Amino acid sequence: MFKVTHEPINPEQLKEQSKDDKAGSFVVFEGWVRNHNEGKKVASLEYEVFESLALKEAKKVIDEAKEKFDILDVTAVHRAGHIAIGDIAVWIGVSSKHREPGFHACKYIIDEIKLRLPIWKKEYYVDGEATWVNCQGCYKHAHNHHTEEQYYDKQLRLKNLGPEGQTRLKNAKVLVVGAGGLGCPALSYLVSAGVGNITICDGDHLEVSNLHRQTLYAHSDIGEYKAVLAKKRLKGLNPFVTINAITKRVSFDNINELVSMHDLVLDCTDNFESKFLIHDACYFLNKPLVQASIYQSEGQLQSFTFKKDSGCQRCLWPEVPSPDSVGNCAEVGVIGVVPGVLGTMQATEALKILLNWGSSTDSSTLLVDLMNWSVSKIKRSKNKSCPLCGDKPKIKGLSKNHYGRLDFELELSELTDEDLAKYKFIDIRELNEKDHHAAWENFLLQKPLSLFENDFNPASQVDPIILVCQRGARSKTLAQKLRLSGATGVFSLNRGVSSVRENWGRIQGAQCQ
Amino acid sequence: MSKVLTIKYFALLKDEAKKDTETFSTNARTAEELFIELSKTYGFSLKPEQIRVSINDEFKDLSEELTENDTIVFIPPVAGG
Ligand SMILES: [Zn+2]
């Protein structure tokens, strides 16, 4: 709730109104009128509020706070009219289950109210003078005086860009996966160039050790979602573009939807699983991809437009490399300018592709070493035996089997008979879930979940095992748990027993040889 | 027959070789043989199947034969961001 009042604010009454048995914390901010400002003695203040707009904007601020932080309710009141030294100018109370989100939300609300609400302040000084000091919400109106033509003036002058190119950029939809070291500069330049629709996908919260290379964020932002922070910062950079923040990691479950909604994808992630997942999804959906990776002072940049003759990622690396074949920057260490340069190069390639200027990295890989300024451009050709784009592709669609750490979930139809013979099937359903007649059921080793965890020893397990439950949910959880406790050859069967039933003939054939 | 090659190292291999480039004389016939020979000198932690090779600015198979004055780049996978 937000209101504007001409009467003195009564904190006791407001506190009483905010009482909530569900709340374990109540954070209050009071803004007081002080007796000096910028060296001048202040006698009193007058606030003039553009009320209808202020109410609308404050509601937005409170809704945002409720979305961002785990809080119960907000009560906020702003004074209007003439008020004296020591009076309360603004009062904000936030109730929440726990104190941490309460503090964060309260700070967010007062910061945004100060910044966004159309409230003018007139100071009456002790010496008899008076001036209007500021319109707090002025910055909101400032950009309305500027046009997009003015914003893009310097690039509109480019003969090969012009209004047509600018329109092309404005209509473009770009997905940026990862808002870290590579993503920050890439996003800044795409947004300021006027790419009209940008989705930022990143599930991480900002950590203090990110700041030396992730230049969109402030020290006071620590702990918040990077995607949300980046969106806010970038909106301030260019109000003419639409930015969408997704606070989730890319995964097997969301990648197709994300990629298909965009015209071009920037891979700014830092791990092989995500890189291959994004790459393969772009291949199947035929969306251009600009990818970069860094290692200490070096970077690799490549684009994929999946044209006839140019090689894809799997032409070069048929399988997802194991994470231990190279460190990522969390382990190895990196100087901030390296992702800064490579992310900027990604934005360059993305703009070239969007503007139809052609990408020079869609058939070669650029290796850059910032330490000795060496740049090698290495031609990538199509590999006929590529498992993805080759003559006889093994990978015919996105499947969980093909992405490193996600690969403990198996789909039987994607295993060869030879592979199938290697696994031991374990039915973890409880006794009362079984029908005790089917031949396939007798074939499975029986170990109900309730007994499983107590007597499972990862060291004594030799064959790879496939856990089977009714639908694939419990087996997934158990496989994940066992893997975390050190087991390696543990898999979960997607869709559980119905998958066994469907593939029973093949399983029997493969395992009885 | 011995041939002289220019070799460039990237990422982990550069760290392990403690150099980014060198001129090297070898009897190795293929890129793979060359890599195995260099592994003995520098103790590379990666196996041949974990790296890729470029010969004269083009990705090639590790079984590709080498010729005098080739520029060879050994490239491990990189994923950092
Ligand atoms: Zn391919």
# chains A, B, ... in the order shown; residues from 1 in each chain; ligands from 1
>>> residues_near_ligand(ligand="ligand 1", cutoff="8 Å", atoms="only C-alpha atoms and all ligand atoms", output="list in words")
Gly311, Cys312, Gln313, Arg314, Cys315, Leu316, Pro318, Lys382, Asn383, Lys384, Ser385, Cys386, Pro387, Leu388, Cys389 and Gly390 of chain A
>>> interface_residues(of="chain A", to="chain B", cutoff="9 Å", atoms="only C-alpha atoms", output="ChimeraX atom specification")
/A:178,180-183,268-272,275,292-300,316-317,321-323,325-330,339,343,364,367,369,372,376-381
>>> residues_around(residues="Ala17 in chain B", least_positions_apart="3", cutoff="12 Å", atoms="only C-alpha atoms", output="list in words")
Ile7, Lys8, Tyr9, Phe10, Ala11, Leu12, Leu13, Lys14, Asp20, Thr21, Glu22, Phe35, Leu38, Ser39, Lys40, Thr41, Tyr42, Gly43, Phe44, Ser45 and Phe74 of chain B
>>> write_last_selection(atoms="C-alpha atoms", output="PDB file, in the first residue's frame")
ATOM      1  CA  ILE B   7      54.770 -24.780 -33.122  1.00  0.00           C
ATOM      2  CA  LYS B   8      52.289 -22.653 -31.171  1.00  0.00           C
ATOM      3  CA  TYR B   9      50.723 -23.595 -27.872  1.00  0.00           C
ATOM      4  CA  PHE B  10      47.456 -22.441 -26.376  1.00  0.00           C
ATOM      5  CA  ALA B  11      45.780 -22.506 -22.962  1.00  0.00           C
ATOM      6  CA  LEU B  12      46.781 -25.429 -20.721  1.00  0.00           C
ATOM      7  CA  LEU B  13      49.464 -26.567 -23.193  1.00  0.00           C
ATOM      8  CA  LYS B  14      51.053 -23.124 -23.144  1.00  0.00           C
ATOM      9  CA  ASP B  20      53.740 -19.875 -26.568  1.00  0.00           C
ATOM     10  CA  THR B  21      55.776 -20.632 -29.660  1.00  0.00           C
ATOM     11  CA  GLU B  22      58.939 -22.401 -30.750  1.00  0.00           C
ATOM     12  CA  PHE B  35      52.393 -34.295 -29.944  1.00  0.00           C
ATOM     13  CA  LEU B  38      56.497 -33.110 -27.231  1.00  0.00           C
ATOM     14  CA  SER B  39      54.521 -34.668 -24.364  1.00  0.00           C
ATOM     15  CA  LYS B  40      57.652 -36.514 -23.315  1.00  0.00           C
ATOM     16  CA  THR B  41      59.565 -33.231 -23.134  1.00  0.00           C
ATOM     17  CA  TYR B  42      56.918 -31.081 -21.470  1.00  0.00           C
ATOM     18  CA  GLY B  43      54.828 -33.645 -19.595  1.00  0.00           C
ATOM     19  CA  PHE B  44      51.522 -32.553 -21.123  1.00  0.00           C
ATOM     20  CA  SER B  45      48.591 -33.670 -18.989  1.00  0.00           C
ATOM     21  CA  PHE B  74      47.897 -27.420 -30.588  1.00  0.00           C
TER      22      PHE B  74
END
>>> closest_residue(among="A:Thr215, A:Ser274, A:Gln346, A:Ser260", to="Asp202 in chain A", atoms="only C-alpha atoms")
A:Ser274
>>> residues_around(residues="Thr199 in chain A", least_positions_apart="2", cutoff="12 Å", atoms="only C-alpha atoms", output="number ranges by chain")
A: 172-179, 183, 187, 190-191, 195-197, 201-202, 227-228, 230-231, 234, 241-248, 258-259, 261-266
>>> residues_around(residues="Thr6 in chain B", least_positions_apart="5", cutoff="7 Å", atoms="only C-alpha atoms", output="PyMOL selection string")
chain B and resi 22-24+69-72
>>> decode(residues="chain B", atoms="C-alpha atoms", output="PDB file, in the first residue's frame")
ATOM      1  CA  MET B   1      63.711 -37.285 -42.542  1.00  0.00           C
ATOM      2  CA  SER B   2      64.007 -34.443 -40.119  1.00  0.00           C
ATOM      3  CA  LYS B   3      61.936 -31.309 -40.706  1.00  0.00           C
ATOM      4  CA  VAL B   4      61.722 -27.904 -39.082  1.00  0.00           C
ATOM      5  CA  LEU B   5      58.308 -26.714 -37.870  1.00  0.00           C
ATOM      6  CA  THR B   6      56.871 -23.707 -36.091  1.00  0.00           C
ATOM      7  CA  ILE B   7      54.770 -24.780 -33.122  1.00  0.00           C
ATOM      8  CA  LYS B   8      52.289 -22.653 -31.171  1.00  0.00           C
ATOM      9  CA  TYR B   9      50.723 -23.595 -27.872  1.00  0.00           C
ATOM     10  CA  PHE B  10      47.456 -22.441 -26.376  1.00  0.00           C
ATOM     11  CA  ALA B  11      45.780 -22.506 -22.962  1.00  0.00           C
ATOM     12  CA  LEU B  12      46.781 -25.429 -20.721  1.00  0.00           C
ATOM     13  CA  LEU B  13      49.464 -26.567 -23.193  1.00  0.00           C
ATOM     14  CA  LYS B  14      51.053 -23.124 -23.144  1.00  0.00           C
ATOM     15  CA  ASP B  15      51.179 -23.272 -19.355  1.00  0.00           C
ATOM     16  CA  GLU B  16      52.760 -26.695 -19.397  1.00  0.00           C
ATOM     17  CA  ALA B  17      55.267 -25.986 -22.184  1.00  0.00           C
ATOM     18  CA  LYS B  18      56.035 -22.642 -20.487  1.00  0.00           C
ATOM     19  CA  LYS B  19      56.213 -21.014 -23.934  1.00  0.00           C
ATOM     20  CA  ASP B  20      53.740 -19.875 -26.568  1.00  0.00           C
ATOM     21  CA  THR B  21      55.776 -20.632 -29.660  1.00  0.00           C
ATOM     22  CA  GLU B  22      58.939 -22.401 -30.750  1.00  0.00           C
ATOM     23  CA  THR B  23      60.803 -23.643 -33.799  1.00  0.00           C
ATOM     24  CA  PHE B  24      61.239 -27.372 -33.548  1.00  0.00           C
ATOM     25  CA  SER B  25      63.133 -29.977 -35.541  1.00  0.00           C
ATOM     26  CA  THR B  26      61.547 -33.421 -35.604  1.00  0.00           C
ATOM     27  CA  ASN B  27      61.347 -36.792 -37.313  1.00  0.00           C
ATOM     28  CA  ALA B  28      57.694 -37.178 -36.368  1.00  0.00           C
ATOM     29  CA  ARG B  29      55.591 -38.165 -39.356  1.00  0.00           C
ATOM     30  CA  THR B  30      52.157 -37.048 -38.186  1.00  0.00           C
ATOM     31  CA  ALA B  31      50.744 -34.386 -35.880  1.00  0.00           C
ATOM     32  CA  GLU B  32      49.924 -37.077 -33.360  1.00  0.00           C
ATOM     33  CA  GLU B  33      53.489 -38.416 -33.321  1.00  0.00           C
ATOM     34  CA  LEU B  34      54.743 -34.875 -32.866  1.00  0.00           C
ATOM     35  CA  PHE B  35      52.393 -34.295 -29.944  1.00  0.00           C
ATOM     36  CA  ILE B  36      53.479 -37.521 -28.260  1.00  0.00           C
ATOM     37  CA  GLU B  37      57.124 -36.545 -28.759  1.00  0.00           C
ATOM     38  CA  LEU B  38      56.497 -33.110 -27.231  1.00  0.00           C
ATOM     39  CA  SER B  39      54.521 -34.668 -24.364  1.00  0.00           C
ATOM     40  CA  LYS B  40      57.652 -36.514 -23.315  1.00  0.00           C
ATOM     41  CA  THR B  41      59.565 -33.231 -23.134  1.00  0.00           C
ATOM     42  CA  TYR B  42      56.918 -31.081 -21.470  1.00  0.00           C
ATOM     43  CA  GLY B  43      54.828 -33.645 -19.595  1.00  0.00           C
ATOM     44  CA  PHE B  44      51.522 -32.553 -21.123  1.00  0.00           C
ATOM     45  CA  SER B  45      48.591 -33.670 -18.989  1.00  0.00           C
ATOM     46  CA  LEU B  46      46.281 -34.015 -22.001  1.00  0.00           C
ATOM     47  CA  LYS B  47      46.178 -37.041 -24.246  1.00  0.00           C
ATOM     48  CA  PRO B  48      46.216 -36.627 -28.038  1.00  0.00           C
ATOM     49  CA  GLU B  49      42.474 -37.376 -28.253  1.00  0.00           C
ATOM     50  CA  GLN B  50      41.756 -34.475 -25.878  1.00  0.00           C
ATOM     51  CA  ILE B  51      43.290 -31.827 -28.149  1.00  0.00           C
ATOM     52  CA  ARG B  52      42.837 -30.501 -31.679  1.00  0.00           C
ATOM     53  CA  VAL B  53      45.502 -29.511 -34.158  1.00  0.00           C
ATOM     54  CA  SER B  54      45.717 -26.810 -36.771  1.00  0.00           C
ATOM     55  CA  ILE B  55      48.207 -27.074 -39.606  1.00  0.00           C
ATOM     56  CA  ASN B  56      48.854 -23.866 -41.546  1.00  0.00           C
ATOM     57  CA  ASP B  57      45.702 -22.210 -40.157  1.00  0.00           C
ATOM     58  CA  GLU B  58      43.310 -25.051 -40.823  1.00  0.00           C
ATOM     59  CA  PHE B  59      41.960 -27.663 -38.427  1.00  0.00           C
ATOM     60  CA  LYS B  60      43.275 -31.073 -39.453  1.00  0.00           C
ATOM     61  CA  ASP B  61      43.078 -34.647 -38.302  1.00  0.00           C
ATOM     62  CA  LEU B  62      45.822 -35.705 -35.899  1.00  0.00           C
ATOM     63  CA  SER B  63      46.867 -38.328 -38.443  1.00  0.00           C
ATOM     64  CA  GLU B  64      47.712 -35.603 -40.966  1.00  0.00           C
ATOM     65  CA  GLU B  65      51.294 -35.828 -42.236  1.00  0.00           C
ATOM     66  CA  LEU B  66      53.653 -32.970 -41.541  1.00  0.00           C
ATOM     67  CA  THR B  67      55.869 -31.190 -44.041  1.00  0.00           C
ATOM     68  CA  GLU B  68      58.833 -28.835 -43.762  1.00  0.00           C
ATOM     69  CA  ASN B  69      57.991 -25.308 -42.510  1.00  0.00           C
ATOM     70  CA  ASP B  70      54.449 -26.165 -41.400  1.00  0.00           C
ATOM     71  CA  THR B  71      52.953 -24.027 -38.641  1.00  0.00           C
ATOM     72  CA  ILE B  72      51.349 -26.297 -36.086  1.00  0.00           C
ATOM     73  CA  VAL B  73      48.969 -25.111 -33.387  1.00  0.00           C
ATOM     74  CA  PHE B  74      47.897 -27.420 -30.588  1.00  0.00           C
ATOM     75  CA  ILE B  75      44.561 -26.400 -29.091  1.00  0.00           C
ATOM     76  CA  PRO B  76      42.931 -27.830 -25.984  1.00  0.00           C
ATOM     77  CA  PRO B  77      39.217 -27.262 -25.307  1.00  0.00           C
ATOM     78  CA  VAL B  78      38.387 -24.014 -23.504  1.00  0.00           C
ATOM     79  CA  ALA B  79      35.133 -23.202 -21.734  1.00  0.00           C
ATOM     80  CA  GLY B  80      35.736 -20.257 -19.394  1.00  0.00           C
ATOM     81  CA  GLY B  81      33.512 -17.207 -19.390  1.00  0.00           C
TER      82      GLY B  81
END
